[in-house]
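Visitor: The file below is structure06.txt, compact mmCIF, C-alpha atoms:
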# COMPACT_ATOMS: atom_id res chain seq x y z
CA MET Y 294 10.76 1.69 3.22
CA LYS Y 295 7.30 1.41 1.68
CA SER Y 296 4.54 3.73 2.84
CA ILE Y 297 0.77 3.25 2.88
CA GLY Y 298 -1.44 6.33 2.86
CA ILE Y 299 -4.82 6.09 4.61
CA VAL Y 300 -7.10 8.27 2.47
CA GLY Y 301 -10.77 9.25 2.39
CA LEU Y 302 -13.36 11.90 3.18
CA PRO Y 303 -13.54 13.39 6.70
CA ASN Y 304 -15.12 11.28 9.46
CA VAL Y 305 -14.92 7.88 7.80
CA GLY Y 306 -12.69 6.28 10.46
CA LYS Y 307 -9.22 6.92 9.02
CA SER Y 308 -7.56 8.22 12.17
CA THR Y 309 -9.21 5.56 14.33
CA LEU Y 310 -7.86 2.87 12.00
CA PHE Y 311 -4.43 4.52 11.96
CA ASN Y 312 -4.38 4.55 15.77
CA VAL Y 313 -5.24 0.86 15.86
CA ILE Y 314 -2.57 -0.07 13.30
CA THR Y 315 0.22 1.97 14.81
CA ASN Y 316 -0.85 2.11 18.48
CA LEU Y 317 -0.20 5.84 18.39
CA SER Y 318 -2.57 8.41 19.82
CA VAL Y 319 -3.52 11.03 17.26
CA PRO Y 320 -6.72 13.10 17.34
CA ALA Y 321 -9.80 11.36 15.98
CA GLU Y 322 -12.51 13.82 16.94
CA ASN Y 323 -15.90 14.31 15.38
CA PHE Y 324 -15.30 17.23 13.06
CA PRO Y 325 -13.65 17.65 9.64
CA PHE Y 326 -9.94 18.39 9.32
CA THR Y 327 -8.99 17.09 12.77
CA THR Y 328 -5.90 15.71 11.06
CA ILE Y 329 -4.07 18.67 9.56
CA ASP Y 330 -0.45 17.60 9.87
CA LYS Y 331 0.17 14.14 8.51
CA ASN Y 332 0.72 11.44 11.12
CA SER Y 333 3.04 8.60 10.28
CA GLY Y 334 3.83 5.45 12.17
CA ILE Y 335 6.28 2.66 11.40
CA ILE Y 336 5.23 -0.86 12.36
CA ASP Y 337 7.03 -4.19 12.46
CA TYR Y 338 5.80 -6.80 10.01
CA LYS Y 339 4.76 -9.83 12.03
CA ASP Y 340 6.25 -12.86 10.32
CA PRO Y 341 6.34 -16.13 12.33
CA ARG Y 342 9.48 -17.12 10.44
CA MET Y 343 11.29 -14.17 12.02
CA GLU Y 344 10.73 -15.38 15.58
CA ALA Y 345 11.60 -18.96 14.65
CA LEU Y 346 14.80 -17.83 12.93
CA ALA Y 347 15.86 -15.77 15.94
CA LYS Y 348 15.46 -18.81 18.20
CA ASN Y 349 17.30 -21.00 15.74
CA VAL Y 350 20.42 -18.80 15.59
CA ASN Y 351 20.16 -17.67 19.24
CA ALA Y 352 20.00 -14.06 18.13
CA ALA Y 353 20.46 -11.46 20.84
CA ALA Y 354 18.13 -9.06 18.97
CA THR Y 355 15.58 -9.18 16.17
CA TYR Y 356 14.84 -6.54 13.55
CA PRO Y 357 11.76 -7.41 11.48
CA ALA Y 358 10.89 -5.80 8.17
CA VAL Y 359 8.98 -2.57 8.67
CA ILE Y 360 6.27 -0.67 6.82
CA GLN Y 361 5.00 2.88 7.28
CA PHE Y 362 1.39 4.01 7.57
CA THR Y 363 0.44 7.65 7.06
CA ASP Y 364 -2.87 9.11 8.21
CA ILE Y 365 -3.81 11.71 5.59
CA ALA Y 366 -6.42 14.28 6.49
CA GLY Y 367 -9.89 14.07 4.99
CA LEU Y 368 -10.26 15.33 1.43
CA ILE Y 369 -13.35 17.12 0.14
CA LYS Y 370 -14.63 18.36 -3.21
CA GLY Y 371 -12.40 21.16 -4.41
CA ALA Y 372 -9.28 19.77 -2.70
CA SER Y 373 -7.40 19.99 -6.01
CA LYS Y 374 -8.09 23.75 -5.91
CA GLY Y 375 -7.03 24.12 -2.30
CA GLU Y 376 -10.39 23.62 -0.55
CA GLY Y 377 -10.06 22.25 2.97
CA LEU Y 378 -6.27 22.62 2.93
CA GLY Y 379 -6.38 20.30 -0.06
CA ASN Y 380 -3.01 21.33 -1.50
CA GLN Y 381 -1.25 20.21 1.65
CA PHE Y 382 -3.16 16.95 1.91
CA LEU Y 383 -2.67 16.02 -1.74
CA SER Y 384 1.07 16.54 -1.39
CA HIS Y 385 1.04 13.96 1.41
CA ILE Y 386 -0.56 11.41 -0.93
CA ARG Y 387 2.20 11.98 -3.46
CA GLU Y 388 4.72 10.64 -0.94
CA VAL Y 389 3.10 7.23 -0.34
CA ASP Y 390 3.45 4.01 -2.32
CA LEU Y 391 -0.06 2.63 -1.89
CA ILE Y 392 -3.40 4.35 -1.30
CA MET Y 393 -5.69 2.71 1.23
CA TYR Y 394 -9.14 4.14 0.54
CA VAL Y 395 -11.19 4.06 3.75
CA LEU Y 396 -14.89 4.29 2.88
CA ARG Y 397 -17.71 4.89 5.31
CA GLY Y 398 -20.34 2.16 5.52
CA PHE Y 399 -21.73 2.79 9.00
CA ASN Y 400 -24.81 4.70 10.13
CA ASP Y 401 -24.10 6.90 13.13
CA GLN Y 402 -25.92 10.19 13.59
CA LYS Y 403 -23.33 11.24 16.18
CA VAL Y 404 -20.58 11.18 13.57
CA THR Y 405 -21.36 13.71 10.88
CA HIS Y 406 -20.66 13.01 7.23
CA VAL Y 407 -19.37 16.01 5.34
CA TYR Y 408 -22.07 15.46 2.67
CA ASN Y 409 -24.71 13.95 4.98
CA ARG Y 410 -24.85 10.52 3.34
CA VAL Y 411 -23.67 6.93 3.60
CA ASN Y 412 -22.55 5.98 0.10
CA PRO Y 413 -19.07 4.41 -0.13
CA ARG Y 414 -18.99 4.42 -3.91
CA GLU Y 415 -19.75 8.15 -4.12
CA ASP Y 416 -17.26 8.89 -1.34
CA MET Y 417 -14.51 7.14 -3.27
CA ALA Y 418 -15.52 8.86 -6.50
CA ASP Y 419 -15.26 12.28 -4.84
CA VAL Y 420 -11.71 11.56 -3.66
CA VAL Y 421 -10.62 9.98 -6.95
CA THR Y 422 -11.96 12.99 -8.87
CA GLU Y 423 -9.77 15.35 -6.83
CA LEU Y 424 -6.71 13.17 -7.42
CA ILE Y 425 -7.40 13.08 -11.16
CA LEU Y 426 -7.90 16.85 -11.33
CA ARG Y 427 -4.55 17.40 -9.63
CA ASP Y 428 -2.89 14.90 -11.99
CA ILE Y 429 -4.34 16.68 -15.03
CA GLU Y 430 -2.81 19.90 -13.73
CA SER Y 431 0.57 18.17 -13.35
CA ILE Y 432 0.41 16.69 -16.85
CA ASN Y 433 -0.51 20.01 -18.46
CA LYS Y 434 2.43 21.68 -16.74
CA LYS Y 435 4.74 18.94 -17.99
CA ILE Y 436 3.48 19.32 -21.57
CA THR Y 437 4.08 23.08 -21.38
CA THR Y 438 7.61 22.50 -20.10
CA ILE Y 439 8.43 19.99 -22.84
CA GLU Y 440 7.09 22.28 -25.55
CA ALA Y 441 9.06 25.24 -24.18
CA GLN Y 442 12.25 23.17 -24.18
CA SER Y 443 11.76 22.09 -27.79
CA LYS Y 444 10.97 25.39 -29.51
CA LYS Y 445 13.53 24.69 -32.23
CA GLY Y 446 11.72 21.55 -33.28
CA LYS Y 447 10.27 18.47 -31.68
CA SER Y 448 12.30 15.30 -32.01
CA GLU Y 449 10.59 11.97 -32.53
CA ALA Y 450 11.14 11.15 -28.86
CA THR Y 451 9.65 14.45 -27.77
CA GLN Y 452 6.62 13.91 -29.96
CA LYS Y 453 6.10 10.47 -28.44
CA ASP Y 454 6.33 11.94 -24.93
CA ILE Y 455 3.76 14.64 -25.66
CA ALA Y 456 1.47 12.13 -27.39
CA ALA Y 457 1.61 9.83 -24.36
CA LEU Y 458 0.82 12.68 -21.97
CA GLN Y 459 -2.10 13.84 -24.11
CA ASP Y 460 -3.32 10.25 -24.34
CA LEU Y 461 -3.17 10.06 -20.55
CA ILE Y 462 -5.31 13.20 -20.24
CA ALA Y 463 -7.91 11.46 -22.41
CA TYR Y 464 -7.86 8.61 -19.88
CA PHE Y 465 -8.37 11.12 -17.07
CA ASP Y 466 -11.31 12.64 -18.95
CA GLU Y 467 -12.94 9.18 -18.88
CA GLY Y 468 -12.43 8.95 -15.13
CA LYS Y 469 -9.56 6.48 -15.44
CA SER Y 470 -6.28 6.55 -13.54
CA ALA Y 471 -2.65 6.92 -14.53
CA TYR Y 472 -2.11 3.51 -12.95
CA LEU Y 473 -4.52 1.95 -15.47
CA TYR Y 474 -2.96 3.87 -18.34
CA VAL Y 475 0.56 2.70 -17.49
CA HIS Y 476 -0.56 -0.92 -17.22
CA GLU Y 477 -2.75 -0.87 -20.34
CA LYS Y 478 -0.85 1.38 -22.74
CA LEU Y 479 2.80 1.50 -21.65
CA GLN Y 480 3.86 -2.10 -21.34
CA GLY Y 481 6.82 -3.44 -23.33
CA LYS Y 482 10.38 -2.32 -23.89
CA GLU Y 483 9.53 0.15 -26.65
CA LYS Y 484 7.27 2.07 -24.24
CA GLU Y 485 9.89 2.31 -21.49
CA PRO Y 486 10.78 6.01 -22.10
CA GLN Y 487 7.14 7.11 -21.79
CA ARG Y 488 6.56 4.83 -18.81
CA GLN Y 489 9.58 6.31 -17.07
CA LEU Y 490 8.44 9.84 -17.92
CA ILE Y 491 5.05 9.30 -16.31
CA ASN Y 492 6.45 7.44 -13.31
CA GLU Y 493 8.83 10.32 -12.62
CA LEU Y 494 5.88 12.70 -12.31
CA PHE Y 495 4.72 10.85 -9.15
CA LEU Y 496 1.09 11.21 -10.14
CA LEU Y 497 -1.47 10.70 -7.40
CA THR Y 498 -3.44 8.10 -9.37
CA ASN Y 499 -0.37 6.13 -10.46
CA LYS Y 500 -0.33 3.98 -7.33
CA PRO Y 501 -1.80 0.61 -6.38
CA ILE Y 502 -4.86 0.77 -4.15
CA LEU Y 503 -6.60 -1.13 -1.37
CA CYS Y 504 -10.28 -0.42 -0.66
CA VAL Y 505 -11.43 -0.71 2.96
CA LEU Y 506 -15.14 -0.57 3.82
CA ASN Y 507 -15.62 0.62 7.40
CA VAL Y 508 -18.90 -0.91 8.58
CA SER Y 509 -20.68 -1.77 11.83
CA TYR Y 510 -20.23 -5.36 12.98
CA ILE Y 511 -23.26 -5.03 15.30
CA ASP Y 512 -25.55 -3.93 12.46
CA MET Y 513 -24.31 -6.87 10.36
CA ASN Y 514 -26.63 -9.01 12.47
CA THR Y 515 -29.58 -7.47 10.62
CA LYS Y 516 -30.37 -8.90 7.20
CA ALA Y 517 -31.15 -5.53 5.59
CA TYR Y 518 -27.84 -3.99 6.64
CA ALA Y 519 -25.81 -7.07 5.68
CA GLU Y 520 -27.40 -6.98 2.23
CA GLN Y 521 -26.65 -3.26 1.97
CA VAL Y 522 -22.98 -3.92 2.79
CA GLU Y 523 -22.85 -6.53 0.03
CA LYS Y 524 -24.38 -4.01 -2.38
CA TRP Y 525 -21.90 -1.30 -1.35
CA THR Y 526 -19.03 -3.75 -1.80
CA LYS Y 527 -20.15 -4.62 -5.32
CA GLU Y 528 -20.56 -0.94 -6.24
CA VAL Y 529 -17.13 -0.01 -4.87
CA ARG Y 530 -15.46 -2.94 -6.65
CA GLU Y 531 -17.05 -2.05 -9.99
CA TYR Y 532 -16.15 1.61 -9.66
CA ALA Y 533 -12.58 0.97 -8.47
CA GLU Y 534 -11.95 -1.44 -11.33
CA SER Y 535 -13.28 1.08 -13.86
CA VAL Y 536 -10.70 3.56 -12.56
CA TYR Y 537 -7.74 1.34 -11.76
CA GLY Y 538 -8.27 -1.78 -13.86
CA ASN Y 539 -9.82 -5.23 -13.66
CA GLY Y 540 -8.79 -7.14 -10.57
CA GLU Y 541 -7.27 -4.12 -8.83
CA ALA Y 542 -10.17 -3.99 -6.36
CA ALA Y 543 -10.95 -7.71 -6.28
CA GLU Y 544 -10.16 -7.73 -2.56
CA ILE Y 545 -12.20 -5.26 -0.51
CA ALA Y 546 -11.55 -5.40 3.20
CA TRP Y 547 -14.39 -5.14 5.71
CA ILE Y 548 -13.44 -3.57 9.00
CA ASP Y 549 -15.09 -1.90 11.98
CA SER Y 550 -12.41 0.57 13.04
CA ARG Y 551 -14.13 1.44 16.31
CA PHE Y 552 -14.49 -2.22 17.20
CA LEU Y 553 -10.82 -2.82 16.34
CA ALA Y 554 -9.97 0.01 18.73
CA ASP Y 555 -12.11 -1.59 21.45
CA LEU Y 556 -10.33 -4.92 20.95
CA GLN Y 557 -7.10 -3.36 22.14
CA SER Y 558 -8.45 -3.24 25.69
CA LEU Y 559 -9.37 -6.95 25.74
CA THR Y 560 -7.28 -9.95 26.74
CA SER Y 561 -5.77 -12.14 24.03
CA GLU Y 562 -8.28 -14.89 24.88
CA GLU Y 563 -11.22 -12.51 24.45
CA VAL Y 564 -9.79 -11.25 21.15
CA GLU Y 565 -9.56 -14.80 19.82
CA GLU Y 566 -13.20 -15.41 20.75
CA PHE Y 567 -14.28 -12.36 18.78
CA LYS Y 568 -12.11 -13.34 15.83
CA ALA Y 569 -13.86 -16.71 15.65
CA GLU Y 570 -17.23 -14.94 15.64
CA LEU Y 571 -16.29 -12.30 13.09
CA SER Y 572 -14.09 -14.19 10.65
CA TYR Y 573 -15.37 -12.13 7.70
CA PHE Y 574 -13.91 -8.94 9.20
CA CYS Y 575 -10.27 -7.99 8.70
CA ASP Y 576 -7.91 -7.50 11.60
CA VAL Y 577 -4.78 -5.36 11.42
CA GLN Y 578 -2.50 -8.21 10.35
CA THR Y 579 -4.85 -9.12 7.49
CA LEU Y 580 -4.85 -5.51 6.27
CA VAL Y 581 -1.05 -5.45 6.37
CA GLU Y 582 -0.90 -8.72 4.42
CA MET Y 583 -3.27 -7.33 1.79
CA ALA Y 584 -1.17 -4.18 1.48
CA LYS Y 585 1.99 -6.29 1.19
CA ARG Y 586 0.49 -8.23 -1.72
CA LYS Y 587 -0.62 -5.02 -3.43
CA LEU Y 588 2.91 -3.64 -3.13
CA LYS Y 589 4.32 -6.96 -4.41
CA LEU Y 590 6.72 -7.31 -1.47
CA LEU Y 591 8.72 -10.38 -0.51
CA ASN Y 592 10.76 -11.08 2.63
CA PHE Y 593 14.37 -12.21 2.81
CA PHE Y 594 16.39 -12.91 5.95
CA VAL Y 595 19.83 -12.84 7.52
CA GLY Y 596 20.80 -13.94 11.00
CA ASN Y 597 23.49 -14.84 13.51
CA GLU Y 598 24.04 -14.73 17.28
CA LYS Y 599 24.25 -10.94 17.18
CA ASP Y 600 20.88 -10.39 15.51
CA ALA Y 601 18.29 -11.75 13.10
CA ARG Y 602 16.85 -9.44 10.46
CA SER Y 603 14.26 -9.40 7.74
CA TRP Y 604 13.78 -6.96 4.86
CA PHE Y 605 11.10 -6.31 2.29
CA ILE Y 606 12.13 -6.43 -1.35
CA GLU Y 607 9.87 -5.98 -4.38
CA GLU Y 608 9.09 -8.97 -6.57
CA GLY Y 609 11.75 -9.24 -9.26
CA GLY Y 610 14.42 -7.62 -7.09
CA ASP Y 611 17.88 -9.10 -7.53
CA ILE Y 612 20.48 -10.09 -4.97
CA LEU Y 613 22.38 -6.83 -5.49
CA LYS Y 614 19.28 -4.93 -4.37
CA ALA Y 615 19.05 -7.21 -1.34
CA ALA Y 616 22.73 -6.60 -0.56
CA SER Y 617 22.22 -2.83 -0.74
CA LEU Y 618 19.32 -3.07 1.73
CA ILE Y 619 21.59 -4.88 4.18
CA HIS Y 620 24.39 -2.34 3.68
CA THR Y 621 25.32 -0.13 0.75
CA SER Y 622 28.91 -1.32 0.75
CA LEU Y 623 27.85 -4.95 0.27
CA ALA Y 624 26.31 -4.12 -3.10
CA GLN Y 625 29.42 -2.20 -4.14
CA THR Y 626 31.81 -5.01 -3.20
CA PHE Y 627 29.52 -7.97 -4.02
CA VAL Y 628 31.22 -11.15 -5.26
CA ARG Y 629 28.55 -13.82 -4.85
CA ALA Y 630 25.93 -14.98 -2.37
CA GLN Y 631 24.91 -18.21 -0.71
CA VAL Y 632 21.18 -18.78 -0.39
CA ILE Y 633 19.02 -21.26 1.49
CA LYS Y 634 15.36 -21.19 2.49
CA VAL Y 635 14.69 -19.89 5.96
CA GLU Y 636 12.05 -22.61 6.38
CA ASP Y 637 14.74 -25.27 5.71
CA LEU Y 638 17.06 -23.68 8.27
CA ILE Y 639 14.29 -23.60 10.86
CA GLU Y 640 13.29 -27.20 10.14
CA MET Y 641 16.79 -28.72 9.91
CA GLY Y 642 18.37 -26.64 12.62
CA THR Y 643 21.74 -25.66 11.16
CA TRP Y 644 23.26 -24.19 8.02
CA ASN Y 645 25.49 -27.28 7.59
CA LYS Y 646 22.51 -29.65 7.67
CA VAL Y 647 20.76 -27.64 4.99
CA LYS Y 648 23.95 -27.69 2.93
CA GLU Y 649 24.37 -31.45 3.39
CA ALA Y 650 20.80 -31.91 2.16
CA GLY Y 651 21.80 -30.23 -1.10
CA LYS Y 652 19.58 -27.21 -0.49
CA LEU Y 653 22.22 -24.50 -0.58
CA LYS Y 654 22.90 -22.61 -3.78
CA THR Y 655 25.63 -20.18 -4.70
CA VAL Y 656 24.35 -17.34 -6.88
CA GLY Y 657 25.67 -14.37 -8.80
CA LYS Y 658 24.50 -10.77 -9.07
CA ASP Y 659 21.66 -11.62 -11.48
CA TYR Y 660 19.90 -13.93 -9.03
CA VAL Y 661 16.28 -12.88 -8.40
CA VAL Y 662 15.40 -13.00 -4.71
CA GLU Y 663 12.53 -15.25 -3.66
CA ASP Y 664 10.31 -14.99 -0.61
CA GLY Y 665 11.88 -16.76 2.36
CA ASP Y 666 15.45 -16.58 1.11
CA TYR Y 667 18.08 -16.62 3.85
CA VAL Y 668 21.17 -15.00 2.35
CA VAL Y 669 24.85 -14.69 3.10
CA ILE Y 670 26.57 -12.06 0.98
CA LEU Y 671 30.21 -12.71 0.11
CA ALA Y 672 32.00 -9.45 -0.67
CA SER Y 673 35.55 -8.44 -1.52
Please re-express this file's structure in structure tokens.

Guide:
Amino acid sequence: MKSIGIVGLPNVGKSTLFNVITNLSVPAENFPFTTIDKNSGIIDYKDPRMEALAKNVNAAATYPAVIQFTDIAGLIKGASKGEGLGNQFLSHIREVDLIMYVLRGFNDQKVTHVYNRVNPREDMADVVTELILRDIESINKKITTIEAQSKKGKSEATQKDIAALQDLIAYFDEGKSAYLYVHEKLQGKEKEPQRQLINELFLLTNKPILCVLNVSYIDMNTKAYAEQVEKWTKEVREYAESVYGNGEAAEIAWIDSRFLADLQSLTSEEVEEFKAELSYFCDVQTLVEMAKRKLKLLNFFVGNEKDARSWFIEEGGDILKAASLIHTSLAQTFVRAQVIKVEDLIEMGTWNKVKEAGKLKTVGKDYVVEDGDYVVILAS
């Protein structure tokens, strides 16, 4: 199961957003370090194909694909050295698959900022700096370990490993991430050993990101504030791309976490009215969709009268991986699979009709799963 870590400085709206996404009640008070223990919530991925499939096969139960969100306590300068319980909080980031940077873009004197400012770009830079400092520490430890293990002489492979790690430190010194280094310098089959080495270190900056600007929808009615939000967005995008690579921060979500929380008390009709008014703001489903794209996740389906299910699988995942997600034994005893599109099943009504239309294919273990595949695994 993939996990998204909600990360940022104290009092930027992380816990409020987490509460909205997961419908859990965790403290979101107005003082730093309210969140000390990490809070995690697992949510169903809302896919209209899932409900339609369940009706089509008369499933007694449905089990949608799920994704985990983790509310990570606010980081401050010095976190990499243990400030503000930083060691504990940084370890929580290591466990997630995607970092959702929540950046403060609202003016509210009642909610104190740890550095008494409203500057999303600087807030992100402070957090990124702490992640980089911790990653440098991890890399230096790894270099020391490799050198200690090769006292009798460094092999060519060992020399390449050390060179890659030292090259990565040079990237860190320029304020760049391990994620950018892997994607710029370690592509291709010949770089696989070094890529694997770095991936196995679970570096904090070697993860995809999603930037979320938490602003005030009420203040957006004023021209000056709206222009300021546009300026902040541009600054955050430019900074994020300098750290993580071009295009990595092309999408920056605008939210108002407090307003999203207020929406939960409204009727569905009232919510739709607000959505029409505030189409440029992200709702929870939009955030989840953005995170899904960043994680490069696809959905595949199975279903019968007992239950209908959906799973996430990463782009490029093969049918054996899909089989193992359904049940470990299916991957071990896999013979072949039959695949149709769930949209075809929903439209045509039955498996046999899809088959008669020539839209069923029988595939082997090398088949790469596509989004919307409805699969039947044939095992020995």

Visitor: Which of these, Y:Glu563, Y:Arg342, Y:Leu613, Y:Gly334, has the shortest distance to Y:Tyr667 once you count only C-alpha atoms?

Guide: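 Counting only C-alpha atoms, the residue closest to Y:Tyr667 is Y:Arg342.
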
Visitor: Would you please work out which residue, of Y:Val635, Y:Ile336, Y:Leu506, Y:Val389, is nearest to Y:Phe594 when using all atoms listed in the file?

Guide: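 Closest to Y:Phe594, using all atoms listed in the file: Y:Val635.
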
Visitor: Name the residues in contact with Y:Lys348 at a cut-off of 12 Å, using all atoms listed in the file, excluding same-chain residues fewer than 4 positions from it; report them as a list of chain:residue names.

Guide: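 The neighbour list is Y:Pro341, Y:Arg342, Y:Met343, Y:Glu344, Y:Ala352, Y:Ala353, Y:Ala354, Y:Thr355, Y:Gly596, Y:Asn597, Y:Glu598, Y:Lys599, Y:Asp600, Y:Ala601, Y:Leu638, Y:Ile639, Y:Glu640, Y:Gly642, Y:Thr643.
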
Visitor: Between atom CA of Y:Arg629 and atom CA of Y:Asp664, what distance in Å does the model show, to one decimal?

Guide: 18.8 Å

Visitor: Using all atoms listed in the file, tabulate the residues of stretch 460-567 of chain Y lying at most 6 Å from any atom of stretch 392-400 of chain Y, each with its closest atom pair and that distance in Å to one decimal, by chain and increasing residue number, as CSV.

Guide:
residue,atom,partner,partner_atom,distance
Y:Ile502,CA,Y:Ile392,CA,4.8
Y:Leu503,CA,Y:Met393,CA,4.7
Y:Cys504,CA,Y:Tyr394,CA,4.9
Y:Val505,CA,Y:Val395,CA,4.8
Y:Leu506,CA,Y:Leu396,CA,5.0
Y:Asn507,CA,Y:Arg397,CA,5.2
Y:Val508,CA,Y:Gly398,CA,4.6
Y:Ser509,CA,Y:Phe399,CA,5.5

Visitor: Which of these residues is nearest to Y:Lys339, using all atoms listed in the file: Y:Leu424, Y:Ile360, Y:Ala533, Y:Leu653?

Guide: Y:Ile360

Visitor: Which is closest to Y:Glu531 among Y:Ile386, Y:Ile545, Y:Ile297, Y:Leu368, if we use only C-alpha atoms?

Guide: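 Counting only C-alpha atoms, the residue closest to Y:Glu531 is Y:Ile545.
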
Visitor: With distances taken over all atoms listed in the file, which residue among Y:Thr526, Y:Thr498, Y:Ser308, Y:Ser603 lies nearest Y:Ala347?

Guide: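 Distance minimum relative to Y:Ala347 lands on Y:Ser603.
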